[in-house]
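S.K.: The structure follows.
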Amino acid sequence: LFPKMKRKKMRLTSRRSQGTARKSILHFLSCFDTSELRLLHELFIHPMLSFGGRGCEWSVGGLVSLHESGKSSDFLGSWSSGHIPLNVQAGFLDTFKDFLGCLGRHMRGYLFPWVGISLCFLRTLCEDGVVGAQQQDPAAIVSLCLGLLTEIFETYDDEEVGETLGFVETALVALKDTKYFQTFQVFNSAVLFLRNILTSEVWSERVKDHVEVRTMLDSLFDRMGEMSAQRKKVVLSLVDSVLDEAPEATAPILEKYYPRMLDEVKAMDFKSGDRQDMVSTLSVV
């Protein structure tokens, strides 16, 4: 079945045949025990770790080395994906998305290799950028990484993913100063990740005092006056969600930004301003 999951074209199917075939096979495999699916994960993880013939300690050790106590931080701090073309990264991320959607509970126990590699894609793009011409839009890769990480932290609350939280926060801080953050797609994905962890019963307690989270919030509200109505609406939605859904102890993290929001109200042009933008701003304030 593995070649059929990777084949790009299959007869009598649609243009999206690869994804369709993969999902059908994964739904079938979801009937197996979690332990029986280890080889399936290795078939996708190992080629990434040894891509281009660049063998490393992680490719030799495979899934076992990535699950050893304390190894996750070593991997995230040392492995770089700069040599992997963006179209290959996009294929891996699309596969990860299908695995999450089809295997459900069977992903538990195998999450870190997938999350770790995806996070390295994000970190490498934010810190080093893209070298040479690429077939894929880097902003789309960044947005896809953030979307997957948001889904992971929304679905799972155990230490297997908790160890990566600090690395995600560091990547976000680096991201805010890149050209990718100027695109609405990436901006929206980053804010959605922040909203997810700040409204979570589990993660909000851990991140509310983190410098990286406050740095990201400072960046959002400092630029609020020059934002487009579309971006401002995303930031206001973050405020609304935190006040409505976050644990009571987390909401005060926004208090320092209330004066800036009031400044937005004072600066409104009620004669010729964007009426919808003004209504949404007033509603949240």
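Order determines the names: the first chain of the structure tokens is A, the second B, and so forth; residues in each chain are numbered 1 upward, and ligands are numbered 1 upward as they are shown.
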Would you kindly return, as a PyMOL selection string, each protein, DNA or RNA residue with an atom no farther than 10 Å from any atom of A:Phe92, considering only C-alpha atoms and excluding same-chain residues fewer than 2 positions away?
M.R.: chain A and resi 44-45+48+86-90+94-98+114+117-118
S.K.: Need to verify the contact set: A:Cys102, 12 Å, only C-alpha atoms, exclusion of same-chain residues closer than 6 positions in sequence. Can you return it as a list in words?
M.R.: Gly19, Thr20, Arg22, Lys23, Ser24, Ile25, Leu26, His27, Phe28, Leu29, Ser30, Cys31, Thr95 and Phe96 of chain A
S.K.: With C-alpha atoms kept, could you save the residues just selected as a PDB file, in the first residue's frame?
M.R.:
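Printed below is out-v4.pdb as written:
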ATOM      1  CA  GLY A  19      -4.473  12.680  -1.158  1.00  0.00           C
ATOM      2  CA  THR A  20      -7.622  10.667  -1.853  1.00  0.00           C
ATOM      3  CA  ARG A  22      -3.710   8.155   1.036  1.00  0.00           C
ATOM      4  CA  LYS A  23      -6.801   8.989   3.079  1.00  0.00           C
ATOM      5  CA  SER A  24      -8.571   5.801   1.987  1.00  0.00           C
ATOM      6  CA  ILE A  25      -5.564   3.682   2.974  1.00  0.00           C
ATOM      7  CA  LEU A  26      -5.111   5.507   6.289  1.00  0.00           C
ATOM      8  CA  HIS A  27      -8.772   4.999   7.195  1.00  0.00           C
ATOM      9  CA  PHE A  28      -8.287   1.285   6.552  1.00  0.00           C
ATOM     10  CA  LEU A  29      -5.098   1.182   8.649  1.00  0.00           C
ATOM     11  CA  SER A  30      -6.839   2.956  11.538  1.00  0.00           C
ATOM     12  CA  CYS A  31      -8.444  -0.418  12.350  1.00  0.00           C
ATOM     13  CA  THR A  95       0.774  13.855   4.706  1.00  0.00           C
ATOM     14  CA  PHE A  96       0.952  14.864   8.391  1.00  0.00           C
TER      15      PHE A  96
END
S.K.: What lies within 7 Å of stretch 222-238 of chain A using only C-alpha atoms, ignoring chain neighbours under 3 positions off, as number ranges by chain?
M.R.: A: 188, 195, 218-219, 241-242, 264, 277, 281, 284
S.K.: Identify which of the residues A:Asp209, A:Lys6, A:Leu217, A:His46 lies closest to A:Thr250, counting only C-alpha atoms when measuring atom-to-atom distances.
M.R.: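 The shortest atom-to-atom distance to A:Thr250 comes from A:Asp209.
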S.K.: So what do you get for atom CA of A:Ser35 versus atom CA of A:Leu165, distance-wise?
M.R.: 26.0 Å
S.K.: How many Å separate atom CA of A:Ile197 from atom CA of A:Leu122?
M.R.: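 Interatomic distance, atom CA of A:Ile197 to atom CA of A:Leu122: 17.9 Å.
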S.K.: Applying 12 Å and only C-alpha atoms, which residues near A:Ser80 remain after dropping the ones on its own chain fewer than 5 positions away? List them as an mmCIF file with all heavy atoms, in the first residue's frame.
M.R.:
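New file part.cif:
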data_model
loop_
_atom_site.group_PDB
_atom_site.id
_atom_site.type_symbol
_atom_site.label_atom_id
_atom_site.label_comp_id
_atom_site.auth_asym_id
_atom_site.auth_seq_id
_atom_site.Cartn_x
_atom_site.Cartn_y
_atom_site.Cartn_z
ATOM 1 N N MET A 48 12.814 11.917 5.627
ATOM 2 C CA MET A 48 13.047 13.328 5.946
ATOM 3 C C MET A 48 14.365 13.507 6.703
ATOM 4 O O MET A 48 15.138 14.423 6.432
ATOM 5 C CB MET A 48 11.896 13.875 6.816
ATOM 6 C CG MET A 48 10.612 14.162 6.082
ATOM 7 S SD MET A 48 10.759 15.500 4.886
ATOM 8 C CE MET A 48 10.779 14.550 3.378
ATOM 9 N N LEU A 49 14.626 12.607 7.637
ATOM 10 C CA LEU A 49 15.826 12.724 8.465
ATOM 11 C C LEU A 49 17.101 12.435 7.674
ATOM 12 O O LEU A 49 18.185 12.892 8.041
ATOM 13 C CB LEU A 49 15.732 11.775 9.660
ATOM 14 C CG LEU A 49 14.582 12.032 10.636
ATOM 15 C CD1 LEU A 49 14.592 10.986 11.747
ATOM 16 C CD2 LEU A 49 14.661 13.429 11.229
ATOM 17 N N SER A 50 16.979 11.655 6.596
ATOM 18 C CA SER A 50 18.165 11.301 5.799
ATOM 19 C C SER A 50 18.084 11.861 4.388
ATOM 20 O O SER A 50 18.741 11.366 3.479
ATOM 21 C CB SER A 50 18.307 9.778 5.747
ATOM 22 O OG SER A 50 17.132 9.177 5.223
ATOM 23 N N PHE A 51 17.288 12.912 4.187
ATOM 24 C CA PHE A 51 17.050 13.447 2.836
ATOM 25 C C PHE A 51 18.359 13.920 2.195
ATOM 26 O O PHE A 51 19.205 14.541 2.838
ATOM 27 C CB PHE A 51 16.070 14.625 2.903
ATOM 28 C CG PHE A 51 15.646 15.118 1.545
ATOM 29 C CD1 PHE A 51 14.585 14.533 0.885
ATOM 30 C CD2 PHE A 51 16.339 16.145 0.917
ATOM 31 C CE1 PHE A 51 14.205 14.963 -0.365
ATOM 32 C CE2 PHE A 51 15.969 16.586 -0.344
ATOM 33 C CZ PHE A 51 14.896 15.998 -0.990
ATOM 34 N N ARG A 54 21.991 12.958 3.480
ATOM 35 C CA ARG A 54 22.615 13.564 4.659
ATOM 36 C C ARG A 54 22.239 12.770 5.910
ATOM 37 O O ARG A 54 21.349 13.145 6.658
ATOM 38 C CB ARG A 54 22.164 15.015 4.827
ATOM 39 C CG ARG A 54 22.609 15.918 3.684
ATOM 40 C CD ARG A 54 22.417 17.354 4.084
ATOM 41 N NE ARG A 54 22.780 18.258 3.011
ATOM 42 C CZ ARG A 54 22.859 19.576 3.140
ATOM 43 N NH1 ARG A 54 22.597 20.135 4.303
ATOM 44 N NH2 ARG A 54 23.183 20.349 2.121
ATOM 45 N N CYS A 56 22.342 11.397 9.644
ATOM 46 C CA CYS A 56 22.686 12.026 10.921
ATOM 47 C C CYS A 56 22.320 11.059 12.032
ATOM 48 O O CYS A 56 21.755 10.003 11.790
ATOM 49 C CB CYS A 56 21.935 13.350 11.088
ATOM 50 S SG CYS A 56 20.134 13.179 11.107
ATOM 51 N N TRP A 58 20.042 11.176 14.044
ATOM 52 C CA TRP A 58 18.591 10.990 14.142
ATOM 53 C C TRP A 58 18.096 9.998 13.096
ATOM 54 O O TRP A 58 17.186 9.224 13.359
ATOM 55 C CB TRP A 58 17.886 12.330 13.996
ATOM 56 C CG TRP A 58 18.451 13.370 14.891
ATOM 57 C CD1 TRP A 58 19.190 14.461 14.543
ATOM 58 C CD2 TRP A 58 18.366 13.414 16.328
ATOM 59 N NE1 TRP A 58 19.568 15.174 15.648
ATOM 60 C CE2 TRP A 58 19.073 14.565 16.762
ATOM 61 C CE3 TRP A 58 17.757 12.597 17.282
ATOM 62 C CZ2 TRP A 58 19.187 14.899 18.105
ATOM 63 C CZ3 TRP A 58 17.878 12.937 18.615
ATOM 64 C CH2 TRP A 58 18.582 14.075 19.013
ATOM 65 N N ASP A 74 17.184 18.263 22.112
ATOM 66 C CA ASP A 74 18.422 18.130 21.329
ATOM 67 C C ASP A 74 18.109 18.153 19.840
ATOM 68 O O ASP A 74 18.807 18.803 19.058
ATOM 69 C CB ASP A 74 19.142 16.827 21.674
ATOM 70 C CG ASP A 74 19.671 16.829 23.105
ATOM 71 O OD1 ASP A 74 19.799 17.922 23.678
ATOM 72 O OD2 ASP A 74 19.939 15.737 23.640
ATOM 73 N N PHE A 75 17.063 17.438 19.437
ATOM 74 C CA PHE A 75 16.695 17.373 18.022
ATOM 75 C C PHE A 75 16.273 18.743 17.506
ATOM 76 O O PHE A 75 16.757 19.217 16.476
ATOM 77 C CB PHE A 75 15.564 16.364 17.820
ATOM 78 C CG PHE A 75 15.019 16.352 16.408
ATOM 79 C CD1 PHE A 75 15.752 15.770 15.387
ATOM 80 C CD2 PHE A 75 13.791 16.929 16.118
ATOM 81 C CE1 PHE A 75 15.265 15.767 14.077
ATOM 82 C CE2 PHE A 75 13.299 16.934 14.830
ATOM 83 C CZ PHE A 75 14.036 16.352 13.804
ATOM 84 N N GLY A 116 8.080 17.559 15.557
ATOM 85 C CA GLY A 116 9.448 18.056 15.591
ATOM 86 C C GLY A 116 9.956 18.463 14.214
ATOM 87 O O GLY A 116 10.545 19.536 14.046
ATOM 88 N N ILE A 117 9.711 17.623 13.206
ATOM 89 C CA ILE A 117 10.154 17.933 11.844
ATOM 90 C C ILE A 117 9.406 19.146 11.307
ATOM 91 O O ILE A 117 10.003 20.045 10.700
ATOM 92 C CB ILE A 117 9.975 16.710 10.925
ATOM 93 C CG1 ILE A 117 10.963 15.619 11.323
ATOM 94 C CG2 ILE A 117 10.159 17.097 9.462
ATOM 95 C CD1 ILE A 117 10.773 14.301 10.594
ATOM 96 N N SER A 118 8.097 19.209 11.545
ATOM 97 C CA SER A 118 7.296 20.358 11.084
ATOM 98 C C SER A 118 7.784 21.650 11.730
ATOM 99 O O SER A 118 7.876 22.694 11.078
ATOM 100 C CB SER A 118 5.816 20.139 11.410
ATOM 101 O OG SER A 118 5.329 18.952 10.829
ATOM 102 N N LEU A 119 8.094 21.577 13.021
ATOM 103 C CA LEU A 119 8.575 22.753 13.744
ATOM 104 C C LEU A 119 9.952 23.186 13.235
ATOM 105 O O LEU A 119 10.246 24.384 13.167
ATOM 106 C CB LEU A 119 8.618 22.450 15.247
ATOM 107 C CG LEU A 119 8.991 23.584 16.198
ATOM 108 C CD1 LEU A 119 8.195 24.844 15.899
ATOM 109 C CD2 LEU A 119 8.769 23.153 17.636
ATOM 110 N N CYS A 120 10.775 22.220 12.851
ATOM 111 C CA CYS A 120 12.086 22.561 12.275
ATOM 112 C C CYS A 120 11.920 23.247 10.921
ATOM 113 O O CYS A 120 12.691 24.153 10.584
ATOM 114 C CB CYS A 120 12.945 21.306 12.131
ATOM 115 S SG CYS A 120 13.643 20.728 13.702
ATOM 116 N N PHE A 121 10.925 22.821 10.132
ATOM 117 C CA PHE A 121 10.619 23.521 8.882
ATOM 118 C C PHE A 121 10.321 24.995 9.181
ATOM 119 O O PHE A 121 10.856 25.894 8.535
ATOM 120 C CB PHE A 121 9.387 22.913 8.197
ATOM 121 C CG PHE A 121 9.582 21.537 7.621
ATOM 122 C CD1 PHE A 121 8.486 20.770 7.247
ATOM 123 C CD2 PHE A 121 10.849 21.004 7.439
ATOM 124 C CE1 PHE A 121 8.644 19.508 6.698
ATOM 125 C CE2 PHE A 121 11.028 19.729 6.899
ATOM 126 C CZ PHE A 121 9.915 18.976 6.531
ATOM 127 N N LEU A 122 9.453 25.212 10.163
ATOM 128 C CA LEU A 122 9.037 26.567 10.529
ATOM 129 C C LEU A 122 10.218 27.385 11.030
ATOM 130 O O LEU A 122 10.436 28.528 10.591
ATOM 131 C CB LEU A 122 7.939 26.497 11.595
ATOM 132 C CG LEU A 122 7.435 27.823 12.172
ATOM 133 C CD1 LEU A 122 6.756 28.654 11.093
ATOM 134 C CD2 LEU A 122 6.466 27.570 13.333
ATOM 135 N N ARG A 123 10.980 26.807 11.948
ATOM 136 C CA ARG A 123 12.108 27.540 12.536
ATOM 137 C C ARG A 123 13.156 27.902 11.489
ATOM 138 O O ARG A 123 13.678 29.021 11.470
ATOM 139 C CB ARG A 123 12.744 26.681 13.626
ATOM 140 C CG ARG A 123 13.742 27.436 14.508
ATOM 141 C CD ARG A 123 14.711 26.502 15.188
ATOM 142 N NE ARG A 123 15.629 25.916 14.229
ATOM 143 C CZ ARG A 123 16.004 24.630 14.233
ATOM 144 N NH1 ARG A 123 15.536 23.807 15.139
ATOM 145 N NH2 ARG A 123 16.840 24.171 13.323
ATOM 146 N N THR A 124 13.474 26.956 10.610
ATOM 147 C CA THR A 124 14.492 27.200 9.589
ATOM 148 C C THR A 124 14.058 28.310 8.638
ATOM 149 O O THR A 124 14.857 29.179 8.268
ATOM 150 C CB THR A 124 14.782 25.906 8.796
ATOM 151 O OG1 THR A 124 15.203 24.875 9.698
ATOM 152 C CG2 THR A 124 15.883 26.138 7.774
ATOM 153 N N LEU A 125 12.780 28.314 8.241
ATOM 154 C CA LEU A 125 12.288 29.361 7.351
ATOM 155 C C LEU A 125 12.305 30.725 8.029
ATOM 156 O O LEU A 125 12.639 31.736 7.408
ATOM 157 C CB LEU A 125 10.861 29.030 6.893
ATOM 158 C CG LEU A 125 10.735 28.024 5.750
ATOM 159 C CD1 LEU A 125 9.271 27.634 5.543
ATOM 160 C CD2 LEU A 125 11.303 28.589 4.466
ATOM 161 N N CYS A 126 11.942 30.762 9.311
ATOM 162 C CA CYS A 126 11.895 32.038 10.038
ATOM 163 C C CYS A 126 13.286 32.596 10.309
ATOM 164 O O CYS A 126 13.488 33.811 10.259
ATOM 165 C CB CYS A 126 11.144 31.860 11.358
ATOM 166 S SG CYS A 126 9.391 31.529 11.153
ATOM 167 N N GLU A 127 14.241 31.721 10.597
ATOM 168 C CA GLU A 127 15.577 32.181 10.980
ATOM 169 C C GLU A 127 16.522 32.349 9.792
ATOM 170 O O GLU A 127 17.317 33.273 9.748
ATOM 171 C CB GLU A 127 16.182 31.198 11.982
ATOM 172 C CG GLU A 127 15.440 31.163 13.322
ATOM 173 C CD GLU A 127 16.041 30.179 14.288
ATOM 174 O OE1 GLU A 127 17.001 29.466 13.903
ATOM 175 O OE2 GLU A 127 15.561 30.083 15.433
ATOM 176 N N ASP A 128 16.412 31.443 8.807
ATOM 177 C CA ASP A 128 17.381 31.440 7.706
ATOM 178 C C ASP A 128 16.792 31.866 6.366
ATOM 179 O O ASP A 128 17.531 32.139 5.425
ATOM 180 C CB ASP A 128 17.998 30.036 7.550
ATOM 181 C CG ASP A 128 18.653 29.555 8.838
ATOM 182 O OD1 ASP A 128 19.134 30.412 9.594
ATOM 183 O OD2 ASP A 128 18.669 28.339 9.082
ATOM 184 N N GLY A 129 15.458 31.896 6.258
ATOM 185 C CA GLY A 129 14.838 32.253 4.987
ATOM 186 C C GLY A 129 14.985 31.144 3.962
ATOM 187 O O GLY A 129 15.242 29.991 4.296
#
S.K.: For A:Leu149, which residue among A:Trp79, A:Leu103, A:Asn196, A:Ala174 is the nearest when counting only C-alpha atoms?
M.R.: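 The shortest atom-to-atom distance to A:Leu149 comes from A:Asn196.
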S.K.: Between A:Met5, A:Leu220, A:Val211, A:Leu194, which has the minimum distance to A:Glu151 (counting only C-alpha atoms)?
M.R.: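 Of A:Met5, A:Leu220, A:Val211, A:Leu194, the one nearest A:Glu151, counting only C-alpha atoms, is A:Leu194.
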S.K.: Can you check which residues of stretch 239-277 of chain A DSSP gives as helix (DSSP H, G or I) on the backbone and send them as a list in words?
M.R.: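 DSSP on the backbone gives helix (DSSP H, G or I) at Val239, Asp240, Ser241, Val242, Leu243, Asp244, Glu245, Ala251, Pro252, Ile253, Leu254, Glu255, Lys256, Tyr257, Tyr258, Pro259, Arg260, Met261, Leu262, Asp263, Glu264, Val265, Lys266, Arg275, Gln276 and Asp277 of chain A.
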